[in-house]
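Participant: What follows is the file final_21.pdb, containing PDB, C-alpha atoms, pLDDT in the B column:
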```pdb
ATOM      1  CA  MET L   1      18.811 -24.428 -12.743  1.00 25.00           C
ATOM      2  CA  ASP L   2      19.361 -25.632  -9.177  1.00 29.00           C
ATOM      3  CA  PHE L   3      18.373 -23.663  -6.085  1.00 29.00           C
ATOM      4  CA  GLY L   4      21.948 -22.497  -5.500  1.00 32.00           C
ATOM      5  CA  GLN L   5      22.017 -20.842  -8.903  1.00 34.00           C
ATOM      6  CA  LEU L   6      18.527 -19.407  -8.426  1.00 36.00           C
ATOM      7  CA  ILE L   7      19.580 -17.603  -5.231  1.00 39.00           C
ATOM      8  CA  VAL L   8      22.034 -15.520  -7.257  1.00 42.00           C
ATOM      9  CA  THR L   9      20.386 -15.181 -10.675  1.00 46.00           C
ATOM     10  CA  ALA L  10      16.902 -14.234  -9.450  1.00 52.00           C
ATOM     11  CA  PRO L  11      18.036 -11.113  -7.564  1.00 56.00           C
ATOM     12  CA  THR L  12      20.883 -10.235  -9.930  1.00 63.00           C
ATOM     13  CA  PRO L  13      20.065 -11.023 -13.584  1.00 63.00           C
ATOM     14  CA  ALA L  14      22.823  -8.633 -14.745  1.00 63.00           C
ATOM     15  CA  GLY L  15      25.444 -10.633 -12.825  1.00 73.00           C
ATOM     16  CA  LYS L  16      25.845  -7.907 -10.226  1.00 85.00           C
ATOM     17  CA  LEU L  17      23.600  -6.322  -7.626  1.00 87.00           C
ATOM     18  CA  ARG L  18      22.361  -2.896  -8.704  1.00 90.00           C
ATOM     19  CA  ALA L  19      21.099  -1.237  -5.536  1.00 90.00           C
ATOM     20  CA  SER L  20      18.956   1.903  -5.469  1.00 91.00           C
ATOM     21  CA  ILE L  21      19.937   4.061  -2.470  1.00 93.00           C
ATOM     22  CA  ASN L  22      17.585   6.825  -1.312  1.00 90.00           C
ATOM     23  CA  LEU L  23      19.342   9.808   0.305  1.00 90.00           C
ATOM     24  CA  GLY L  24      15.991  11.545   0.777  1.00 83.00           C
ATOM     25  CA  ASN L  25      15.521   9.735   4.091  1.00 83.00           C
ATOM     26  CA  MET L  26      18.532  10.241   6.345  1.00 84.00           C
ATOM     27  CA  ILE L  27      17.488   7.330   8.542  1.00 85.00           C
ATOM     28  CA  LEU L  28      18.245   5.051   5.594  1.00 89.00           C
ATOM     29  CA  ALA L  29      21.266   6.677   3.975  1.00 92.00           C
ATOM     30  CA  SER L  30      23.385   9.831   3.821  1.00 91.00           C
ATOM     31  CA  ARG L  31      26.705  11.020   2.463  1.00 90.00           C
ATOM     32  CA  VAL L  32      29.197  13.640   3.625  1.00 85.00           C
ATOM     33  CA  PRO L  33      30.495  15.602   1.815  1.00 82.00           C
ATOM     34  CA  PRO L  34      27.786  15.874  -0.902  1.00 76.00           C
ATOM     35  CA  GLN L  35      29.927  13.889  -3.348  1.00 82.00           C
ATOM     36  CA  GLY L  36      31.210  11.405  -0.776  1.00 89.00           C
ATOM     37  CA  ASP L  37      30.439   7.700  -0.584  1.00 92.00           C
ATOM     38  CA  PRO L  38      26.923   6.915   0.686  1.00 95.00           C
ATOM     39  CA  PHE L  39      26.614   5.284   4.104  1.00 95.00           C
ATOM     40  CA  GLY L  40      23.837   4.233   6.427  1.00 94.00           C
ATOM     41  CA  VAL L  41      21.604   1.301   7.322  1.00 94.00           C
ATOM     42  CA  SER L  42      20.403   0.582   3.769  1.00 93.00           C
ATOM     43  CA  VAL L  43      23.961   0.740   2.394  1.00 96.00           C
ATOM     44  CA  HIS L  44      25.194  -1.497   5.223  1.00 95.00           C
ATOM     45  CA  LEU L  45      22.497  -4.078   4.447  1.00 94.00           C
ATOM     46  CA  THR L  46      23.139  -3.860   0.715  1.00 93.00           C
ATOM     47  CA  ARG L  47      26.837  -4.591   1.118  1.00 95.00           C
ATOM     48  CA  ALA L  48      26.043  -7.526   3.397  1.00 95.00           C
ATOM     49  CA  PHE L  49      23.558  -8.910   0.871  1.00 91.00           C
ATOM     50  CA  THR L  50      26.131  -8.570  -1.895  1.00 91.00           C
ATOM     51  CA  GLU L  51      28.605 -10.587   0.186  1.00 92.00           C
ATOM     52  CA  HIS L  52      25.860 -13.140   0.840  1.00 88.00           C
ATOM     53  CA  LEU L  53      25.322 -13.576  -2.916  1.00 85.00           C
ATOM     54  CA  ALA L  54      29.062 -13.332  -3.708  1.00 87.00           C
ATOM     55  CA  VAL L  55      28.450 -10.848  -6.543  1.00 88.00           C
ATOM     56  CA  GLU L  56      29.663  -7.344  -7.432  1.00 90.00           C
ATOM     57  CA  LEU L  57      27.815  -4.276  -6.168  1.00 92.00           C
ATOM     58  CA  GLU L  58      26.746  -1.223  -8.146  1.00 92.00           C
ATOM     59  CA  LEU L  59      25.107   1.612  -6.213  1.00 94.00           C
ATOM     60  CA  ALA L  60      22.578   3.930  -7.864  1.00 92.00           C
ATOM     61  CA  VAL L  61      22.222   6.912  -5.519  1.00 95.00           C
ATOM     62  CA  PHE L  62      19.197   9.247  -5.593  1.00 93.00           C
ATOM     63  CA  ASP L  63      18.218  12.332  -3.600  1.00 89.00           C
ATOM     64  CA  ALA L  64      14.513  11.431  -3.328  1.00 85.00           C
ATOM     65  CA  ALA L  65      12.399   8.335  -2.708  1.00 83.00           C
ATOM     66  CA  GLY L  66      10.402   8.869  -5.891  1.00 84.00           C
ATOM     67  CA  LYS L  67      13.546   8.580  -8.019  1.00 89.00           C
ATOM     68  CA  SER L  68      14.595   5.452  -6.164  1.00 88.00           C
ATOM     69  CA  VAL L  69      11.176   3.903  -6.809  1.00 86.00           C
ATOM     70  CA  GLU L  70      11.399   4.799 -10.496  1.00 89.00           C
ATOM     71  CA  ALA L  71      14.802   3.129 -10.846  1.00 89.00           C
ATOM     72  CA  ILE L  72      13.439  -0.148  -9.485  1.00 86.00           C
ATOM     73  CA  SER L  73      10.175   0.041 -11.427  1.00 85.00           C
ATOM     74  CA  ASN L  74      12.075   0.638 -14.679  1.00 85.00           C
ATOM     75  CA  GLU L  75      14.536  -2.186 -13.902  1.00 84.00           C
ATOM     76  CA  ARG L  76      17.535   0.120 -13.703  1.00 87.00           C
ATOM     77  CA  ALA L  77      18.076  -1.252 -10.205  1.00 88.00           C
ATOM     78  CA  ASP L  78      17.540  -4.693  -8.683  1.00 86.00           C
ATOM     79  CA  ILE L  79      16.930  -3.730  -5.074  1.00 86.00           C
ATOM     80  CA  GLY L  80      15.826  -0.734  -3.004  1.00 88.00           C
ATOM     81  CA  PHE L  81      14.785   0.123   0.541  1.00 88.00           C
ATOM     82  CA  LEU L  82      11.411   1.865   0.621  1.00 82.00           C
ATOM     83  CA  ALA L  83       8.197   2.290   2.550  1.00 79.00           C
ATOM     84  CA  VAL L  84       5.487   0.011   1.231  1.00 75.00           C
ATOM     85  CA  ASP L  85       2.585   1.675  -0.540  1.00 71.00           C
ATOM     86  CA  VAL L  86      -0.355   0.417  -2.608  1.00 70.00           C
ATOM     87  CA  LEU L  87       0.738   2.338  -5.712  1.00 73.00           C
ATOM     88  CA  ARG L  88       4.365   1.256  -5.413  1.00 77.00           C
ATOM     89  CA  ALA L  89       3.314  -2.364  -4.908  1.00 76.00           C
ATOM     90  CA  GLN L  90       1.727  -2.441  -8.360  1.00 78.00           C
ATOM     91  CA  ALA L  91       5.177  -2.622  -9.956  1.00 78.00           C
ATOM     92  CA  ILE L  92       7.397  -3.602  -7.033  1.00 82.00           C
ATOM     93  CA  ALA L  93       7.405  -6.713  -4.833  1.00 81.00           C
ATOM     94  CA  PHE L  94       8.062  -5.996  -1.148  1.00 83.00           C
ATOM     95  CA  THR L  95       9.519  -8.151   1.594  1.00 84.00           C
ATOM     96  CA  ALA L  96       8.360  -8.032   5.186  1.00 85.00           C
ATOM     97  CA  PRO L  97       9.550  -4.835   6.940  1.00 86.00           C
ATOM     98  CA  TYR L  98      13.002  -4.610   8.479  1.00 88.00           C
ATOM     99  CA  LEU L  99      12.562  -1.152  10.072  1.00 87.00           C
ATOM    100  CA  LEU L 100       9.757   0.764  11.707  1.00 84.00           C
ATOM    101  CA  ILE L 101      10.238   4.516  11.394  1.00 81.00           C
ATOM    102  CA  GLU L 102       8.358   7.063  13.442  1.00 76.00           C
ATOM    103  CA  GLY L 103       7.043  10.065  11.556  1.00 76.00           C
ATOM    104  CA  PHE L 104       6.562  13.556  12.960  1.00 81.00           C
ATOM    105  CA  ASP L 105       4.614  16.719  12.363  1.00 85.00           C
ATOM    106  CA  LEU L 106       6.613  19.874  13.073  1.00 88.00           C
ATOM    107  CA  VAL L 107       4.643  22.910  14.282  1.00 90.00           C
ATOM    108  CA  ARG L 108       5.433  26.192  16.000  1.00 91.00           C
ATOM    109  CA  ASP L 109       5.137  26.562  19.753  1.00 89.00           C
ATOM    110  CA  SER L 110       2.335  29.068  19.213  1.00 90.00           C
ATOM    111  CA  SER L 111       0.320  26.599  17.112  1.00 90.00           C
ATOM    112  CA  SER L 112      -2.984  25.206  18.353  1.00 89.00           C
ATOM    113  CA  ILE L 113      -2.089  21.819  16.842  1.00 86.00           C
ATOM    114  CA  THR L 114      -1.409  19.294  19.596  1.00 80.00           C
ATOM    115  CA  ALA L 115      -2.846  16.066  18.145  1.00 78.00           C
ATOM    116  CA  LYS L 116      -3.270  14.386  14.777  1.00 77.00           C
ATOM    117  CA  ARG L 117      -6.945  15.378  14.629  1.00 82.00           C
ATOM    118  CA  ASP L 118      -5.860  19.045  14.526  1.00 88.00           C
ATOM    119  CA  VAL L 119      -3.803  18.626  11.334  1.00 88.00           C
ATOM    120  CA  ASP L 120      -6.498  18.054   8.724  1.00 89.00           C
ATOM    121  CA  GLN L 121      -8.103  21.502   8.841  1.00 93.00           C
ATOM    122  CA  PRO L 122      -8.850  23.837   5.884  1.00 94.00           C
ATOM    123  CA  ASP L 123      -6.486  26.587   7.059  1.00 93.00           C
ATOM    124  CA  ASN L 124      -3.495  24.268   7.468  1.00 94.00           C
ATOM    125  CA  ARG L 125      -0.730  23.845   4.873  1.00 95.00           C
ATOM    126  CA  VAL L 126       1.394  20.723   5.228  1.00 93.00           C
ATOM    127  CA  VAL L 127       4.779  20.547   3.490  1.00 93.00           C
ATOM    128  CA  GLU L 128       6.407  17.173   2.740  1.00 90.00           C
ATOM    129  CA  GLY L 129       8.929  15.621   0.366  1.00 86.00           C
ATOM    130  CA  LYS L 130       7.669  14.712  -3.098  1.00 81.00           C
ATOM    131  CA  GLY L 131       7.572  10.967  -3.711  1.00 73.00           C
ATOM    132  CA  SER L 132       8.199  10.141  -0.054  1.00 75.00           C
ATOM    133  CA  ALA L 133       6.107   7.696   1.954  1.00 70.00           C
ATOM    134  CA  TYR L 134       4.605  10.673   3.756  1.00 75.00           C
ATOM    135  CA  GLU L 135       3.409  12.289   0.531  1.00 78.00           C
ATOM    136  CA  LEU L 136       1.725   9.009  -0.414  1.00 72.00           C
ATOM    137  CA  PHE L 137       0.172   8.755   3.041  1.00 75.00           C
ATOM    138  CA  LEU L 138      -1.047  12.357   3.058  1.00 80.00           C
ATOM    139  CA  SER L 139      -2.559  11.991  -0.419  1.00 78.00           C
ATOM    140  CA  TRP L 140      -5.319   9.850   1.034  1.00 77.00           C
ATOM    141  CA  ALA L 141      -5.195  10.745   4.740  1.00 80.00           C
ATOM    142  CA  LEU L 142      -5.810  14.501   4.346  1.00 86.00           C
ATOM    143  CA  GLU L 143      -9.139  15.777   3.094  1.00 90.00           C
ATOM    144  CA  ALA L 144      -9.276  19.412   4.191  1.00 93.00           C
ATOM    145  CA  ALA L 145      -5.666  20.543   4.693  1.00 93.00           C
ATOM    146  CA  GLN L 146      -3.555  21.736   1.774  1.00 93.00           C
ATOM    147  CA  THR L 147      -0.303  19.984   0.859  1.00 92.00           C
ATOM    148  CA  VAL L 148       2.895  21.616  -0.361  1.00 94.00           C
ATOM    149  CA  HIS L 149       5.361  19.363  -2.196  1.00 91.00           C
ATOM    150  CA  GLU L 150       9.105  19.830  -1.858  1.00 90.00           C
ATOM    151  CA  PRO L 151      11.442  18.147  -4.404  1.00 87.00           C
ATOM    152  CA  THR L 152      13.255  16.284  -1.602  1.00 83.00           C
ATOM    153  CA  SER L 153      12.544  15.610   2.075  1.00 81.00           C
ATOM    154  CA  PRO L 154      15.689  17.338   3.480  1.00 80.00           C
ATOM    155  CA  THR L 155      14.411  20.735   2.220  1.00 87.00           C
ATOM    156  CA  VAL L 156      11.044  20.460   3.990  1.00 89.00           C
ATOM    157  CA  VAL L 157      12.028  22.490   7.087  1.00 90.00           C
ATOM    158  CA  GLN L 158      13.563  25.259   4.987  1.00 91.00           C
ATOM    159  CA  THR L 159      10.281  25.658   3.080  1.00 93.00           C
ATOM    160  CA  PHE L 160       8.248  25.391   6.285  1.00 92.00           C
ATOM    161  CA  VAL L 161      10.184  28.326   7.755  1.00 92.00           C
ATOM    162  CA  GLY L 162      10.610  30.374   4.583  1.00 92.00           C
ATOM    163  CA  GLN L 163       6.958  30.247   3.538  1.00 95.00           C
ATOM    164  CA  GLU L 164       5.642  30.389   7.130  1.00 94.00           C
ATOM    165  CA  LEU L 165       3.600  27.216   6.692  1.00 94.00           C
ATOM    166  CA  GLU L 166       1.626  25.603   9.493  1.00 94.00           C
ATOM    167  CA  ILE L 167       3.030  22.053   9.440  1.00 92.00           C
ATOM    168  CA  ALA L 168       6.105  20.178   8.193  1.00 91.00           C
ATOM    169  CA  ALA L 169       5.790  16.401   7.905  1.00 88.00           C
ATOM    170  CA  GLY L 170       8.576  13.839   7.777  1.00 82.00           C
ATOM    171  CA  VAL L 171      10.904  11.600   9.721  1.00 78.00           C
ATOM    172  CA  ASN L 172      12.702  12.818  12.820  1.00 73.00           C
ATOM    173  CA  ASN L 173      16.066  13.291  11.085  1.00 72.00           C
ATOM    174  CA  ASP L 174      14.596  15.324   8.211  1.00 73.00           C
ATOM    175  CA  LEU L 175      13.094  17.814  10.677  1.00 79.00           C
ATOM    176  CA  ARG L 176      16.453  18.577  12.312  1.00 75.00           C
ATOM    177  CA  PRO L 177      17.843  20.991  13.201  1.00 76.00           C
ATOM    178  CA  MET L 178      14.501  22.124  14.540  1.00 81.00           C
ATOM    179  CA  PRO L 179      13.785  25.885  14.581  1.00 86.00           C
ATOM    180  CA  ALA L 180      13.968  27.333  18.109  1.00 85.00           C
ATOM    181  CA  ASP L 181      10.281  28.279  18.211  1.00 85.00           C
ATOM    182  CA  CYS L 182       9.000  24.877  17.057  1.00 84.00           C
ATOM    183  CA  GLN L 183       8.231  21.435  18.402  1.00 79.00           C
ATOM    184  CA  ALA L 184       7.683  18.073  16.719  1.00 75.00           C
ATOM    185  CA  TYR L 185       4.845  15.749  17.623  1.00 70.00           C
ATOM    186  CA  GLY L 186       5.284  12.027  17.000  1.00 61.00           C
ATOM    187  CA  PHE L 187       1.779  11.119  15.963  1.00 47.00           C
ATOM    188  CA  ALA L 188       2.937   7.639  14.910  1.00 36.00           C
ATOM    189  CA  THR L 189       2.188   6.322  18.405  1.00 29.00           C
ATOM    190  CA  SER L 190      -1.518   6.662  17.657  1.00 28.00           C
ATOM    191  CA  GLY L 191      -1.187   5.004  14.272  1.00 30.00           C
ATOM    192  CA  SER L 192      -1.268   8.138  12.161  1.00 33.00           C
ATOM    193  CA  TRP L 193       2.299   8.250  10.924  1.00 38.00           C
ATOM    194  CA  SER L 194       3.753   4.775  11.295  1.00 40.00           C
ATOM    195  CA  SER L 195       5.913   3.777   8.340  1.00 49.00           C
ATOM    196  CA  SER L 196       7.553   0.409   7.767  1.00 56.00           C
ATOM    197  CA  LYS L 197      10.641   0.215   5.600  1.00 62.00           C
ATOM    198  CA  ARG L 198      10.855  -2.850   3.398  1.00 65.00           C
ATOM    199  CA  SER L 199      13.253  -4.108   0.835  1.00 66.00           C
ATOM    200  CA  ALA L 200      11.819  -4.182  -2.665  1.00 63.00           C
ATOM    201  CA  ARG L 201      12.353  -5.808  -6.040  1.00 61.00           C
ATOM    202  CA  GLN L 202      10.868  -5.547  -9.527  1.00 55.00           C
ATOM    203  CA  ARG L 203       7.791  -7.779  -9.855  1.00 58.00           C
ATOM    204  CA  THR L 204       8.925  -9.194 -13.207  1.00 58.00           C
ATOM    205  CA  ARG L 205      11.647 -11.165 -11.400  1.00 62.00           C
ATOM    206  CA  GLY L 206       9.020 -13.595 -10.115  1.00 67.00           C
ATOM    207  CA  PRO L 207       8.612 -14.883  -6.544  1.00 73.00           C
ATOM    208  CA  ALA L 208      12.177 -16.186  -6.104  1.00 74.00           C
ATOM    209  CA  ALA L 209      13.916 -12.805  -5.809  1.00 75.00           C
ATOM    210  CA  PRO L 210      11.807 -11.345  -2.973  1.00 78.00           C
ATOM    211  CA  ALA L 211      11.852 -14.739  -1.231  1.00 83.00           C
ATOM    212  CA  VAL L 212      15.655 -14.755  -1.188  1.00 84.00           C
ATOM    213  CA  LEU L 213      15.789 -11.186   0.070  1.00 85.00           C
ATOM    214  CA  HIS L 214      13.070 -11.783   2.664  1.00 87.00           C
ATOM    215  CA  GLN L 215      14.997 -14.714   4.144  1.00 89.00           C
ATOM    216  CA  PHE L 216      18.205 -12.666   4.233  1.00 90.00           C
ATOM    217  CA  LEU L 217      16.553  -9.729   6.027  1.00 91.00           C
ATOM    218  CA  GLU L 218      14.927 -11.968   8.613  1.00 92.00           C
ATOM    219  CA  GLU L 219      18.361 -13.415   9.363  1.00 94.00           C
ATOM    220  CA  MET L 220      19.802  -9.895   9.636  1.00 95.00           C
ATOM    221  CA  LYS L 221      17.094  -8.912  12.112  1.00 94.00           C
ATOM    222  CA  GLU L 222      17.497 -12.066  14.191  1.00 96.00           C
ATOM    223  CA  SER L 223      21.293 -11.868  14.280  1.00 97.00           C
ATOM    224  CA  GLY L 224      21.230  -8.280  15.568  1.00 97.00           C
ATOM    225  CA  PHE L 225      22.792  -6.897  12.378  1.00 97.00           C
ATOM    226  CA  VAL L 226      20.009  -4.339  11.822  1.00 95.00           C
ATOM    227  CA  SER L 227      19.956  -3.092  15.419  1.00 97.00           C
ATOM    228  CA  THR L 228      23.747  -2.850  15.433  1.00 97.00           C
ATOM    229  CA  SER L 229      23.662  -0.873  12.178  1.00 96.00           C
ATOM    230  CA  LEU L 230      21.141   1.568  13.667  1.00 94.00           C
ATOM    231  CA  ALA L 231      23.434   2.113  16.667  1.00 95.00           C
ATOM    232  CA  ARG L 232      26.545   2.323  14.483  1.00 95.00           C
ATOM    233  CA  HIS L 233      25.031   5.118  12.411  1.00 92.00           C
ATOM    234  CA  GLU L 234      23.519   6.840  15.494  1.00 90.00           C
ATOM    235  CA  ILE L 235      19.975   6.647  14.136  1.00 87.00           C
ATOM    236  CA  ALA L 236      17.081   7.805  16.318  1.00 78.00           C
ATOM    237  CA  GLY L 237      13.375   7.465  15.535  1.00 77.00           C
ATOM    238  CA  ALA L 238      13.624   3.943  14.078  1.00 85.00           C
ATOM    239  CA  SER L 239      13.471   0.414  15.462  1.00 89.00           C
ATOM    240  CA  VAL L 240      13.884  -3.110  14.160  1.00 91.00           C
ATOM    241  CA  ALA L 241      10.627  -4.532  12.803  1.00 89.00           C
ATOM    242  CA  PRO L 242       9.189  -7.681  14.441  1.00 90.00           C
ATOM    243  CA  PHE L 243      10.103 -11.025  12.890  1.00 88.00           C
ATOM    244  CA  ALA L 244       7.808 -12.050  10.069  1.00 80.00           C
TER     245      ALA L 244
END
```
What's the structure tokens form of this structure?

Facilitator:
Amino acid sequence: MDFGQLIVTAPTPAGKLRASINLGNMILASRVPPQGDPFGVSVHLTRAFTEHLAVELELAVFDAAGKSVEAISNERADIGFLAVDVLRAQAIAFTAPYLLIEGFDLVRDSSSITAKRDVDQPDNRVVEGKGSAYELFLSWALEAAQTVHEPTSPTVVQTFVGQELEIAAGVNNDLRPMPADCQAYGFATSGSWSSSKRSARQRTRGPAAPAVLHQFLEEMKESGFVSTSLARHEIAGASVAPFA
């Protein structure tokens, strides 16, 4: 098999690109109405990668990051766009990051929480989306505070308000619209909530598949494709990752 063949067959052993799209993070992908076609930065990149490989595209759309991870791990999808994590990396090979996403903690105006050091306290309950990068981060970052797991990230604010919890954690878009008596702190600037989004592939594909995808993403960053896609989809709270 020559290198030209390897570029296509390593990422797409089924002869088409099966892409796992996570709707649980609105910075990456959304769809309106609920049954409409998905759109967003990850979908935009996926379609461009499909054109690059000159293969057919099959989208597998999920409402939570955990389900997207499972699809890739179980080889029901060839590619996904996820935050890197030690546990995920056991079954999934990650490229260098293409996005840096700022995370936030949402609290009420009357709250005494004004810095990341105030979050991890015994009386605090932190709600986040199950299977999201923030759940994985909080699982080892929090020692004293309690965590409340929502099935998907977009329902975090609803639970935060309905159960009168102290803190809601997630990306900027997931915490909107913000309740009138609340404010969101971007603790990522101090290193607490930084999250890099990387493209991922099943480890059983060997080193060729992530190498092909890594090269493609670096070209997309350098050409301005990623930054243009962020602007096109009116995404705030995310920036293009540095070149690897």

Participant: Using all atoms listed in the file, what residues lie at most 12 Å away from (17.8, -10.2, 11.4) (file coordinates), given as a list in words?

Facilitator: Leu45, Ala48, Ala96, Pro97, Tyr98, Leu99, Leu213, His214, Gln215, Phe216, Leu217, Glu218, Glu219, Met220, Lys221, Glu222, Ser223, Gly224, Phe225, Val226, Ser227, Thr228, Ser229, Val240, Ala241, Pro242, Phe243 and Ala244 of chain L

Participant: Looking at all atoms listed in the file, which of L:Val55, L:Ala71, L:Ala209, L:Leu106 is the one that sits closest to Leu165 in chain L?

Facilitator: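 Closest to Leu165 in chain L, using all atoms listed in the file: L:Leu106.
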
Participant: To one decimal place in Å, what is the distance between CA of Glu135 in chain L and CA of Phe81 in chain L?

Facilitator: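 Separation between CA of Glu135 in chain L and CA of Phe81 in chain L: 16.7 Å.
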
Participant: Restricting the calculation to all atoms listed in the file, which member of L:Ile167, L:Val161, L:Val212, L:Ala89 is positioned closest to Asp123 in chain L?

Facilitator: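 Using all atoms listed in the file, the shortest distance to Asp123 in chain L belongs to L:Ile167.
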
Participant: When you count all atoms listed in the file, which of these residues is closest to Arg108 in chain L: L:Gln183, L:Thr50, L:Ser239, L:Thr152?

Facilitator: L:Gln183

Participant: Could you tell me how far CA of Ile72 in chain L lies from CA of Ser20 in chain L, in Å and to one decimal?

Facilitator: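 Separation of CA of Ile72 in chain L and CA of Ser20 in chain L: 7.1 Å.
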
Participant: Smallest atom-to-atom distance to Gly162 in chain L: which of L:Leu82, L:Leu138, L:Pro38, L:Val127, using all atoms listed in the file?

Facilitator: L:Val127

Participant: Give me the range 142-181 of chain L side of the contact with range 23-35 of chain L, cut-off 8 Å, one line per residue showing its nearest atom pair and distance in Å at one decimal, counting all atoms listed in the file, sorted by chain and residue number, as JSON lines.

Facilitator:
```
{"residue": "L:Thr152", "atom": "CA", "partner": "L:Gly24", "partner_atom": "CA", "distance": 6.0}
{"residue": "L:Ser153", "atom": "CA", "partner": "L:Gly24", "partner_atom": "CA", "distance": 5.5}
{"residue": "L:Pro154", "atom": "CA", "partner": "L:Gly24", "partner_atom": "CA", "distance": 6.4}
{"residue": "L:Val171", "atom": "CA", "partner": "L:Asn25", "partner_atom": "CA", "distance": 7.5}
{"residue": "L:Asn173", "atom": "CA", "partner": "L:Met26", "partner_atom": "CA", "distance": 6.2}
{"residue": "L:Asp174", "atom": "CA", "partner": "L:Met26", "partner_atom": "CA", "distance": 6.7}
```

Participant: Please produce a file of those selected residues containing C-alpha atoms, as a PDB file, in the coordinates of the input.

Facilitator:
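Just written: selection_8.pdb:
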```pdb
ATOM      1  CA  THR L 152      13.255  16.284  -1.602  1.00 83.00           C
ATOM      2  CA  SER L 153      12.544  15.610   2.075  1.00 81.00           C
ATOM      3  CA  PRO L 154      15.689  17.338   3.480  1.00 80.00           C
ATOM      4  CA  VAL L 171      10.904  11.600   9.721  1.00 78.00           C
ATOM      5  CA  ASN L 173      16.066  13.291  11.085  1.00 72.00           C
ATOM      6  CA  ASP L 174      14.596  15.324   8.211  1.00 73.00           C
TER       7      ASP L 174
END
```

Participant: Mind pulling up the distance from CA of Glu70 in chain L to CA of Val126 in chain L?

Facilitator: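 Interatomic distance, CA of Val126 in chain L to CA of Glu70 in chain L: 24.5 Å.
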
Participant: When distances are computed from all atoms listed in the file, which of L:Val119, L:Leu175, L:Ala93, L:Leu53 shows the smallest separation from Glu143 in chain L?

Facilitator: L:Val119

Participant: Looking at L:Leu87, L:Leu230, L:Ala64, L:Ala145, which one is nearest to Val43 in chain L, with distances taken over all atoms listed in the file?

Facilitator: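 Distance minimum relative to Val43 in chain L lands on L:Leu230.
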
Participant: Counting all atoms listed in the file, find the residues whose atoms lie at most 12 Å from (-6.9, 22.5, 9.2) (file coordinates) and write them out as a PyMOL selection string.

Facilitator: chain L and resi 111-113+115-126+142-147+165-167
